[in-house]
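Q: Here you go, protein-v6.cif (mmCIF, C-alpha atoms):
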data_model
#
loop_
_atom_site.label_atom_id
_atom_site.label_comp_id
_atom_site.auth_asym_id
_atom_site.auth_seq_id
_atom_site.Cartn_x
_atom_site.Cartn_y
_atom_site.Cartn_z
CA MET A 779 54.18 -19.02 36.65
CA ALA A 780 51.00 -20.94 35.73
CA THR A 781 47.77 -19.03 35.31
CA LEU A 782 44.18 -20.14 35.84
CA SER A 783 43.26 -19.29 32.24
CA LEU A 784 39.81 -18.13 33.25
CA GLN A 785 37.21 -17.46 30.57
CA VAL A 786 35.68 -14.16 31.65
CA ARG A 787 32.53 -12.46 30.36
CA ILE A 788 30.78 -9.27 31.49
CA ASP A 789 26.99 -9.32 31.53
CA PRO A 790 25.95 -6.88 28.77
CA GLY A 791 22.75 -6.04 30.67
CA SER A 792 24.49 -4.89 33.83
CA GLY A 793 25.61 -1.37 34.65
CA PHE A 794 23.97 1.97 35.27
CA CYS A 795 20.22 2.34 34.85
CA PHE A 796 19.07 5.36 32.82
CA GLY A 797 18.37 7.39 36.00
CA VAL A 798 21.95 7.05 37.22
CA VAL A 799 23.35 7.71 33.74
CA TYR A 800 21.36 10.95 33.65
CA ALA A 801 22.56 12.10 37.09
CA VAL A 802 26.22 11.34 36.37
CA GLN A 803 26.06 13.06 32.99
CA MET A 804 24.52 16.16 34.57
CA ALA A 805 27.28 16.26 37.19
CA GLU A 806 30.05 15.81 34.64
CA SER A 807 28.55 18.43 32.34
CA PHE A 808 28.42 21.00 35.15
CA LEU A 809 31.95 20.17 36.30
CA GLU A 810 33.31 20.78 32.80
CA ALA A 811 32.40 24.43 33.26
CA SER A 812 32.96 24.80 37.00
CA SER A 813 35.65 23.74 39.44
CA TYR A 814 33.18 22.20 41.90
CA LEU A 815 29.59 21.15 42.43
CA TYR A 816 27.77 20.26 45.61
CA CYS A 817 25.78 17.01 45.63
CA LEU A 818 23.22 16.17 48.29
CA GLY A 819 24.27 12.67 49.34
CA ASP A 820 26.30 10.16 47.34
CA ILE A 821 25.36 10.62 43.70
CA VAL A 822 25.21 6.83 43.36
CA HIS A 823 25.61 3.99 45.85
CA ASN A 824 29.00 2.97 44.55
CA GLU A 825 32.10 4.12 46.38
CA ALA A 826 34.43 3.89 43.39
CA GLU A 827 32.19 5.99 41.12
CA VAL A 828 31.64 8.56 43.86
CA GLN A 829 35.39 8.90 44.35
CA ARG A 830 35.91 9.30 40.58
CA LEU A 831 33.54 12.26 40.57
CA ILE A 832 34.96 13.72 43.78
CA ASP A 833 38.31 13.79 42.00
CA LYS A 834 36.60 15.89 39.30
CA GLY A 835 35.29 18.39 41.86
CA LEU A 836 32.06 16.91 43.22
CA ARG A 837 31.50 17.83 46.86
CA ILE A 838 29.21 15.49 48.80
CA ILE A 839 27.12 17.17 51.49
CA ASP A 840 24.36 16.09 53.87
CA HIS A 841 21.14 17.85 54.81
CA ASP A 842 22.74 19.62 57.76
CA LYS A 843 25.32 21.18 55.45
CA LEU A 844 22.55 22.05 52.99
CA ASN A 845 20.71 24.00 55.69
CA HIS A 846 23.76 26.27 56.10
CA LEU A 847 24.67 26.59 52.42
CA ARG A 848 23.90 29.84 50.62
CA ASP A 849 23.99 31.01 46.98
CA GLU A 850 25.41 27.76 45.54
CA ALA A 851 24.45 25.12 43.00
CA VAL A 852 23.43 21.72 44.37
CA LEU A 853 22.79 18.50 42.49
CA ILE A 854 19.75 16.43 43.48
CA ARG A 855 20.63 12.82 42.71
CA ALA A 856 18.42 10.22 41.03
CA HIS A 857 16.93 9.03 44.34
CA GLY A 858 14.86 12.20 44.63
CA GLU A 859 14.18 14.41 47.66
CA PRO A 860 11.27 15.29 49.96
CA PRO A 861 9.47 18.67 49.66
CA SER A 862 11.44 20.06 52.61
CA THR A 863 14.64 20.03 50.54
CA TYR A 864 13.08 22.27 47.89
CA ARG A 865 11.83 24.67 50.58
CA THR A 866 15.34 24.89 52.01
CA ALA A 867 16.78 25.58 48.58
CA LEU A 868 14.31 28.41 48.03
CA ALA A 869 15.04 29.96 51.42
CA ASN A 870 18.82 29.71 50.93
CA ASN A 871 18.90 30.94 47.32
CA LEU A 872 20.30 27.62 46.10
CA THR A 873 20.24 26.63 42.44
CA LEU A 874 19.07 23.03 42.24
CA ILE A 875 20.32 20.82 39.43
CA ASP A 876 17.57 18.25 39.69
CA ALA A 877 18.58 14.83 38.42
CA SER A 878 15.73 13.00 40.15
CA CYS A 879 14.85 9.87 38.21
CA PRO A 880 11.55 10.29 36.31
CA VAL A 881 10.36 6.94 37.67
CA VAL A 882 10.95 8.15 41.23
CA LEU A 883 9.26 11.49 40.56
CA LYS A 884 6.19 9.72 39.19
CA LEU A 885 6.07 7.54 42.30
CA GLN A 886 6.37 10.58 44.57
CA ASN A 887 3.39 12.18 42.80
CA ARG A 888 1.31 9.00 43.08
CA ILE A 889 1.98 8.69 46.80
CA LYS A 890 1.21 12.35 47.43
CA SER A 891 -2.07 12.13 45.51
CA SER A 892 -3.03 8.96 47.36
CA TYR A 893 -2.18 10.51 50.72
CA ASP A 894 -4.11 13.68 49.87
CA ARG A 895 -7.16 11.49 49.19
CA GLY A 896 -6.97 10.30 52.78
CA ASN A 897 -5.28 6.92 52.32
CA SER A 898 -2.94 5.56 54.97
CA ILE A 899 0.29 4.86 53.07
CA PHE A 900 2.49 1.81 53.56
CA ILE A 901 5.80 1.63 51.69
CA PHE A 902 7.67 -1.61 51.03
CA GLY A 903 11.29 -0.53 51.26
CA LYS A 904 14.22 0.38 53.47
CA ALA A 905 13.40 3.21 55.87
CA THR A 906 16.86 4.79 55.71
CA HIS A 907 17.18 4.63 51.92
CA ALA A 908 17.42 8.02 50.20
CA GLU A 909 14.58 7.29 47.80
CA VAL A 910 12.28 6.18 50.62
CA LEU A 911 13.00 9.34 52.62
CA GLY A 912 11.78 11.32 49.63
CA LEU A 913 8.65 9.16 49.36
CA VAL A 914 7.81 9.47 53.04
CA GLY A 915 8.18 13.24 52.71
CA GLN A 916 5.19 13.25 50.36
CA THR A 917 3.00 12.06 53.28
CA GLN A 918 4.21 14.63 55.83
CA HIS A 919 6.24 11.74 57.29
CA ASN A 920 3.14 9.72 58.15
CA ALA A 921 3.80 6.73 55.89
CA VAL A 922 4.75 3.39 57.43
CA VAL A 923 7.88 1.85 55.93
CA PHE A 924 8.58 -1.88 56.23
CA GLU A 925 10.95 -4.46 54.76
CA SER A 926 9.06 -7.66 55.58
CA LEU A 927 5.63 -9.02 56.46
CA GLU A 928 6.79 -9.55 60.04
CA GLU A 929 7.80 -5.91 60.33
CA LEU A 930 4.51 -4.72 58.81
CA LEU A 931 2.43 -6.78 61.24
CA LYS A 932 4.01 -4.97 64.18
CA HIS A 933 1.92 -1.93 63.22
CA PRO A 934 -1.82 -1.49 63.76
CA LEU A 935 -3.27 -2.11 60.33
CA PRO A 936 -6.54 -0.92 58.78
CA GLN A 937 -8.71 -3.48 57.02
CA HIS A 938 -7.90 -1.77 53.70
CA ILE A 939 -4.15 -1.36 53.14
CA THR A 940 -2.61 0.86 50.44
CA ILE A 941 0.91 -0.32 49.59
CA TYR A 942 3.55 1.21 47.35
CA SER A 943 7.08 -0.06 46.78
CA GLN A 944 10.52 1.45 46.66
CA THR A 945 11.48 1.27 42.98
CA THR A 946 14.46 -1.04 43.55
CA GLN A 947 12.72 -3.72 45.63
CA SER A 948 12.27 -7.32 44.51
CA ALA A 949 9.07 -7.76 42.49
CA GLU A 950 8.84 -11.39 43.59
CA LYS A 951 8.94 -10.44 47.28
CA PHE A 952 6.39 -7.66 46.68
CA TYR A 953 3.82 -10.06 45.22
CA GLN A 954 4.53 -12.69 47.87
CA LEU A 955 3.80 -10.02 50.47
CA ARG A 956 0.55 -9.05 48.77
CA GLN A 957 -0.58 -12.66 48.56
CA SER A 958 0.16 -13.26 52.25
CA LEU A 959 -1.90 -10.23 53.29
CA VAL A 960 -4.82 -11.27 51.10
CA LYS A 961 -4.77 -14.74 52.70
CA MET A 962 -4.89 -13.06 56.10
CA GLY A 963 -8.15 -11.36 55.11
CA PHE A 964 -6.94 -7.83 54.37
CA SER A 965 -8.22 -5.78 51.45
CA ILE A 966 -5.09 -4.77 49.56
CA ASP A 967 -4.56 -1.91 47.14
CA ALA A 968 -1.06 -2.91 46.05
CA HIS A 969 0.72 -0.58 43.64
CA ASP A 970 3.59 -2.28 41.84
CA THR A 971 5.87 0.75 41.56
CA ILE A 972 9.07 -1.22 41.02
CA CYS A 973 11.18 0.07 38.16
CA ARG A 974 10.99 -2.38 35.29
CA GLN A 975 14.56 -1.64 34.25
CA VAL A 976 15.46 -3.02 37.67
CA SER A 977 12.96 -5.86 38.01
CA ASN A 978 13.54 -7.15 34.48
CA ARG A 979 17.14 -7.80 35.43
CA ASP A 980 16.08 -10.55 37.83
CA GLN A 981 15.32 -13.05 35.09
CA SER A 982 18.25 -12.09 32.87
CA LEU A 983 20.70 -12.21 35.79
CA HIS A 984 19.35 -15.57 36.91
CA HIS A 985 19.98 -16.95 33.42
CA PHE A 986 23.40 -15.30 33.20
CA ALA A 987 24.50 -16.78 36.53
CA THR A 988 23.58 -20.32 35.47
CA GLN A 989 25.80 -20.04 32.39
CA HIS A 990 29.07 -19.78 34.35
CA ASP A 991 31.10 -21.83 36.82
CA GLN A 992 31.65 -18.77 38.99
CA VAL A 993 29.96 -15.37 39.24
CA VAL A 994 31.51 -12.15 40.50
CA PHE A 995 28.86 -9.60 41.39
CA VAL A 996 30.17 -6.03 41.59
CA ALA A 997 28.31 -3.40 43.62
CA GLY A 998 28.80 -0.75 46.26
CA SER A 999 28.42 -1.78 49.89
CA LYS A 1000 25.57 0.75 50.30
CA SER A 1001 23.61 -0.41 47.26
CA SER A 1002 20.17 -1.78 48.17
CA ASN A 1003 19.64 -2.82 44.56
CA GLY A 1004 23.05 -4.49 44.60
CA ARG A 1005 22.15 -6.72 47.54
CA THR A 1006 18.82 -7.63 45.95
CA LEU A 1007 20.36 -8.58 42.60
CA TYR A 1008 23.24 -10.41 44.24
CA GLU A 1009 20.71 -12.67 45.96
CA VAL A 1010 19.24 -13.41 42.53
CA CYS A 1011 22.66 -14.55 41.33
CA LYS A 1012 23.31 -16.51 44.51
CA SER A 1013 20.04 -18.38 44.19
CA ALA A 1014 20.91 -19.35 40.62
CA ASN A 1015 24.58 -20.13 41.27
CA THR A 1016 25.93 -20.77 44.76
CA ASN A 1017 29.42 -19.93 43.47
CA SER A 1018 28.55 -16.23 43.40
CA HIS A 1019 30.85 -13.71 45.08
CA PHE A 1020 30.05 -10.11 46.08
CA VAL A 1021 32.84 -7.54 45.68
CA SER A 1022 32.92 -3.74 45.83
CA GLU A 1023 36.40 -3.40 44.34
CA PRO A 1024 38.81 -5.51 42.27
CA GLN A 1025 41.15 -5.88 45.26
CA ALA A 1026 38.51 -7.98 47.04
CA ILE A 1027 38.84 -10.84 44.53
CA GLN A 1028 40.33 -14.00 46.03
CA VAL A 1029 42.18 -16.41 43.79
CA GLU A 1030 41.00 -19.32 45.95
CA TRP A 1031 37.48 -18.87 44.57
CA PHE A 1032 38.45 -20.14 41.13
CA GLY A 1033 39.70 -23.27 39.43
CA ALA A 1034 41.73 -23.61 36.25
CA ASN A 1035 39.88 -23.00 32.97
CA GLN A 1036 36.62 -22.08 34.69
CA THR A 1037 34.10 -19.72 33.15
CA VAL A 1038 33.46 -16.57 35.16
CA GLY A 1039 30.57 -14.18 34.70
CA ILE A 1040 30.81 -10.57 35.91
CA CYS A 1041 27.65 -8.63 36.60
CA GLY A 1042 26.53 -5.70 38.74
CA ALA A 1043 23.83 -3.45 40.13
CA THR A 1044 22.07 -0.53 38.48
CA SER A 1045 24.56 1.64 40.39
CA THR A 1046 27.67 -0.23 39.17
CA PRO A 1047 29.71 1.56 36.47
CA MET A 1048 30.87 -0.47 33.50
CA TRP A 1049 34.44 0.74 33.96
CA LEU A 1050 34.55 -0.92 37.39
CA MET A 1051 33.34 -4.26 36.02
CA GLN A 1052 36.01 -3.97 33.33
CA LYS A 1053 38.67 -3.53 36.02
CA VAL A 1054 37.37 -6.66 37.73
CA ARG A 1055 37.58 -8.47 34.38
CA ASP A 1056 41.21 -7.40 33.94
CA VAL A 1057 42.13 -8.75 37.38
CA LEU A 1058 40.44 -12.07 36.69
CA ILE A 1059 42.15 -12.47 33.32
CA SER A 1060 45.52 -11.93 35.01
CA LEU A 1061 45.04 -14.70 37.59
#
Show me this structure written as structure tokens.
A:
Amino acid sequence: MATLSLQVRIDPGSGFCFGVVYAVQMAESFLEASSYLYCLGDIVHNEAEVQRLIDKGLRIIDHDKLNHLRDEAVLIRAHGEPPSTYRTALANNLTLIDASCPVVLKLQNRIKSSYDRGNSIFIFGKATHAEVLGLVGQTQHNAVVFESLEELLKHPLPQHITIYSQTTQSAEKFYQLRQSLVKMGFSIDAHDTICRQVSNRDQSLHHFATQHDQVVFVAGSKSSNGRTLYEVCKSANTNSHFVSEPQAIQVEWFGANQTVGICGATSTPMWLMQKVRDVLISL
């Protein structure tokens, strides 16, 4: 049976960011000494990696379950948590294994300080995202969250607007937003709080995507960063395909002897991209 003889390469710059590496390592370290560990929400927005850790004893819980949990250890993932979570832990005698990303913690502190000074806080991000929920919690839930200029303009706006960004948002879109508001006559105090380990991938991924006939972007279906970086690849190479698992690969996407680049989000484990590579090589 003839094969496509694809030339496959994994982007060396893709894979877990340091915040996710830290959280996963903390979970694995704890599970080496204990049969189980509770984790508040998915430890990372990648279904395959979550399942791998569940198989090791990780137990995913939500905030409702947390409220009824007593005398247990609970992992706080890299996305961070609002102050209410820490109050619950104290009241319920919970031991928190805090793997909050340092970049996120710094942003939480900046937003809280700004809010305490009396600023109205506007956050460029996804309202339901775990990180954003933690950020909004620093403002006693008074911050306005928006994903686009159109959404922002639906709110009554002060003449002076203080804007922060979810760490995994597009830097390009953030500055386009700022420029649009300035042109509209607003005074903008825009804080670029986008993680550089994330934003710096835009340029490198754009270059990587142009170097291949086809691109397979691997990320979890819940990954906000994954969708953002996939759009970067798609803009550079229209033959870009989003998959969450190797089984989603379709042979019809490829032609014989084509070059294929594999890349992923900051929440995509290298082992998953390697599995995708193995499938492509076998076509």
Q: Between A:Val786, A:Val822, A:Gly858, A:Met804, which is the closest to Lys884 (chain A) once you count all atoms listed in the file?
A: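 Looking at the shortest contact to Lys884 (chain A), the residue is A:Gly858.
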Q: Calculated over all atoms listed in the file, which of the candidates A:Ser948, A:Ser1013, A:Gln957, A:Thr863 has the smallest distance to Gln916 (chain A)?
A: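 Checking each candidate against Gln916 (chain A), we get A:Thr863 as the closest.
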Q: Counting only C-alpha atoms, which residues of region 829-891 of chain A sit at most 10 Å from some atom of region 789-798 of chain A, and what is each one's closest atom pair with its distance in Å to one decimal, listed by chain and rising residue number, as CSV?
A:
residue,atom,partner,partner_atom,distance
A:Arg855,CA,A:Val798,CA,8.1
A:Ala856,CA,A:Gly797,CA,5.8
A:His857,CA,A:Gly797,CA,8.6
A:Ala877,CA,A:Gly797,CA,7.8
A:Ser878,CA,A:Gly797,CA,7.5
A:Cys879,CA,A:Gly797,CA,4.8
A:Pro880,CA,A:Gly797,CA,7.4
A:Val881,CA,A:Gly797,CA,8.2
A:Val882,CA,A:Gly797,CA,9.1
Q: Residues at most 9 Å from region 994-1009 of chain A, counting only C-alpha atoms, excluding those fewer than 5 positions away in the same chain, as a PyMOL selection string?
A: chain A and resi 822-826+904+907+946-948+976+979-980+983+1014+1017-1024+1027+1038-1047+1050-1051+1054
Q: Would you put the residues from that selection into a file with C-alpha atoms, as a CSV table (one decimal), in the coordinates of the input?
A:
chain,number,residue,atom,x,y,z
A,822,VAL,CA,25.2,6.8,43.4
A,823,HIS,CA,25.6,4.0,45.8
A,824,ASN,CA,29.0,3.0,44.6
A,825,GLU,CA,32.1,4.1,46.4
A,826,ALA,CA,34.4,3.9,43.4
A,904,LYS,CA,14.2,0.4,53.5
A,907,HIS,CA,17.2,4.6,51.9
A,946,THR,CA,14.5,-1.0,43.6
A,947,GLN,CA,12.7,-3.7,45.6
A,948,SER,CA,12.3,-7.3,44.5
A,976,VAL,CA,15.5,-3.0,37.7
A,979,ARG,CA,17.1,-7.8,35.4
A,980,ASP,CA,16.1,-10.6,37.8
A,983,LEU,CA,20.7,-12.2,35.8
A,1014,ALA,CA,20.9,-19.4,40.6
A,1017,ASN,CA,29.4,-19.9,43.5
A,1018,SER,CA,28.6,-16.2,43.4
A,1019,HIS,CA,30.8,-13.7,45.1
A,1020,PHE,CA,30.0,-10.1,46.1
A,1021,VAL,CA,32.8,-7.5,45.7
A,1022,SER,CA,32.9,-3.7,45.8
A,1023,GLU,CA,36.4,-3.4,44.3
A,1024,PRO,CA,38.8,-5.5,42.3
A,1027,ILE,CA,38.8,-10.8,44.5
A,1038,VAL,CA,33.5,-16.6,35.2
A,1039,GLY,CA,30.6,-14.2,34.7
A,1040,ILE,CA,30.8,-10.6,35.9
A,1041,CYS,CA,27.6,-8.6,36.6
A,1042,GLY,CA,26.5,-5.7,38.7
A,1043,ALA,CA,23.8,-3.4,40.1
A,1044,THR,CA,22.1,-0.5,38.5
A,1045,SER,CA,24.6,1.6,40.4
A,1046,THR,CA,27.7,-0.2,39.2
A,1047,PRO,CA,29.7,1.6,36.5
A,1050,LEU,CA,34.6,-0.9,37.4
A,1051,MET,CA,33.3,-4.3,36.0
A,1054,VAL,CA,37.4,-6.7,37.7
Q: Have a look at CA of Arg787 (chain A) and CA of Arg830 (chain A) and let me know their distance in Å, one decimal.
A: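 Separating CA of Arg787 (chain A) from CA of Arg830 (chain A) is a distance of 24.3 Å.
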Q: Using the file's own x, y and z axes, so that the box edges lie along x, y and z, what centre and edge lengths in Å (one decimal) does a box around every listed atom of region 782-790 of chain A get when 5 Å is added on each side? Give it as AutoDock Vina command-line options.
A:
--center_x 35.1 --center_y -13.5 --center_z 32.3 --size_x 28.2 --size_y 23.3 --size_z 17.1
Q: At what distance in Å, to one decimal, does CA of Leu911 (chain A) lie from CA of Leu872 (chain A)?
A: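 Going from CA of Leu872 (chain A) over to CA of Leu911 (chain A) covers 20.7 Å.
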Q: For a quick check of understanding, using only C-alpha atoms, which of A:Arg888, A:Lys1053, A:His969, A:Arg837 has the smallest distance to Val852 (chain A)?
A: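 Among the listed residues, A:Arg837 lies closest to Val852 (chain A).
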Q: Is it possible to add N, CA and C atoms to region 820-851 of chain A and hand it back as a CSV table (one decimal), in the coordinates of the input?
A:
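Just written: selection_23.csv:
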chain,number,residue,atom,x,y,z
A,820,ASP,N,25.5,10.8,48.4
A,820,ASP,CA,26.3,10.2,47.3
A,820,ASP,C,25.5,10.1,46.1
A,821,ILE,N,26.1,10.5,45.0
A,821,ILE,CA,25.4,10.6,43.7
A,821,ILE,C,24.9,9.2,43.3
A,822,VAL,N,25.6,8.2,43.7
A,822,VAL,CA,25.2,6.8,43.4
A,822,VAL,C,25.8,6.0,44.5
A,823,HIS,N,25.1,4.9,44.8
A,823,HIS,CA,25.6,4.0,45.8
A,823,HIS,C,26.7,3.1,45.4
A,824,ASN,N,27.8,3.7,45.0
A,824,ASN,CA,29.0,3.0,44.6
A,824,ASN,C,30.2,3.8,44.9
A,825,GLU,N,31.0,3.3,45.8
A,825,GLU,CA,32.1,4.1,46.4
A,825,GLU,C,33.1,4.5,45.3
A,826,ALA,N,33.4,3.6,44.4
A,826,ALA,CA,34.4,3.9,43.4
A,826,ALA,C,34.0,5.0,42.4
A,827,GLU,N,32.7,5.0,42.0
A,827,GLU,CA,32.2,6.0,41.1
A,827,GLU,C,32.1,7.3,41.8
A,828,VAL,N,31.7,7.3,43.1
A,828,VAL,CA,31.6,8.6,43.9
A,828,VAL,C,33.0,9.2,44.0
A,829,GLN,N,34.0,8.4,44.2
A,829,GLN,CA,35.4,8.9,44.4
A,829,GLN,C,35.9,9.5,43.0
A,830,ARG,N,35.5,8.8,41.9
A,830,ARG,CA,35.9,9.3,40.6
A,830,ARG,C,35.4,10.7,40.4
A,831,LEU,N,34.1,10.9,40.8
A,831,LEU,CA,33.5,12.3,40.6
A,831,LEU,C,34.0,13.3,41.6
A,832,ILE,N,34.3,12.8,42.8
A,832,ILE,CA,35.0,13.7,43.8
A,832,ILE,C,36.3,14.3,43.2
A,833,ASP,N,37.0,13.4,42.6
A,833,ASP,CA,38.3,13.8,42.0
A,833,ASP,C,38.1,14.8,40.9
A,834,LYS,N,36.9,14.9,40.3
A,834,LYS,CA,36.6,15.9,39.3
A,834,LYS,C,36.1,17.2,39.9
A,835,GLY,N,35.8,17.2,41.2
A,835,GLY,CA,35.3,18.4,41.9
A,835,GLY,C,33.9,18.3,42.5
A,836,LEU,N,33.3,17.1,42.5
A,836,LEU,CA,32.1,16.9,43.2
A,836,LEU,C,32.3,17.0,44.7
A,837,ARG,N,31.4,17.7,45.4
A,837,ARG,CA,31.5,17.8,46.9
A,837,ARG,C,30.2,17.3,47.5
A,838,ILE,N,30.4,16.2,48.2
A,838,ILE,CA,29.2,15.5,48.8
A,838,ILE,C,28.8,16.2,50.1
A,839,ILE,N,27.6,16.5,50.3
A,839,ILE,CA,27.1,17.2,51.5
A,839,ILE,C,25.9,16.4,52.0
A,840,ASP,N,25.6,16.7,53.3
A,840,ASP,CA,24.4,16.1,53.9
A,840,ASP,C,23.3,17.2,54.1
A,841,HIS,N,22.2,16.9,54.6
A,841,HIS,CA,21.1,17.8,54.8
A,841,HIS,C,21.5,18.9,55.8
A,842,ASP,N,22.3,18.6,56.8
A,842,ASP,CA,22.7,19.6,57.8
A,842,ASP,C,23.6,20.7,57.1
A,843,LYS,N,24.5,20.2,56.2
A,843,LYS,CA,25.3,21.2,55.4
A,843,LYS,C,24.5,22.0,54.5
A,844,LEU,N,23.4,21.4,53.9
A,844,LEU,CA,22.6,22.0,53.0
A,844,LEU,C,21.8,23.2,53.7
A,845,ASN,N,21.4,23.0,54.9
A,845,ASN,CA,20.7,24.0,55.7
A,845,ASN,C,21.5,25.3,55.9
A,846,HIS,N,22.9,25.1,55.9
A,846,HIS,CA,23.8,26.3,56.1
A,846,HIS,C,24.4,26.8,54.8
A,847,LEU,N,24.1,26.2,53.7
A,847,LEU,CA,24.7,26.6,52.4
A,847,LEU,C,23.9,27.7,51.8
A,848,ARG,N,24.6,28.7,51.2
A,848,ARG,CA,23.9,29.8,50.6
A,848,ARG,C,24.5,30.1,49.2
A,849,ASP,N,23.6,30.5,48.3
A,849,ASP,CA,24.0,31.0,47.0
A,849,ASP,C,24.9,30.1,46.2
A,850,GLU,N,24.6,28.8,46.2
A,850,GLU,CA,25.4,27.8,45.5
A,850,GLU,C,24.5,26.9,44.7
A,851,ALA,N,25.2,26.1,43.8
A,851,ALA,CA,24.4,25.1,43.0
A,851,ALA,C,24.6,23.8,43.7
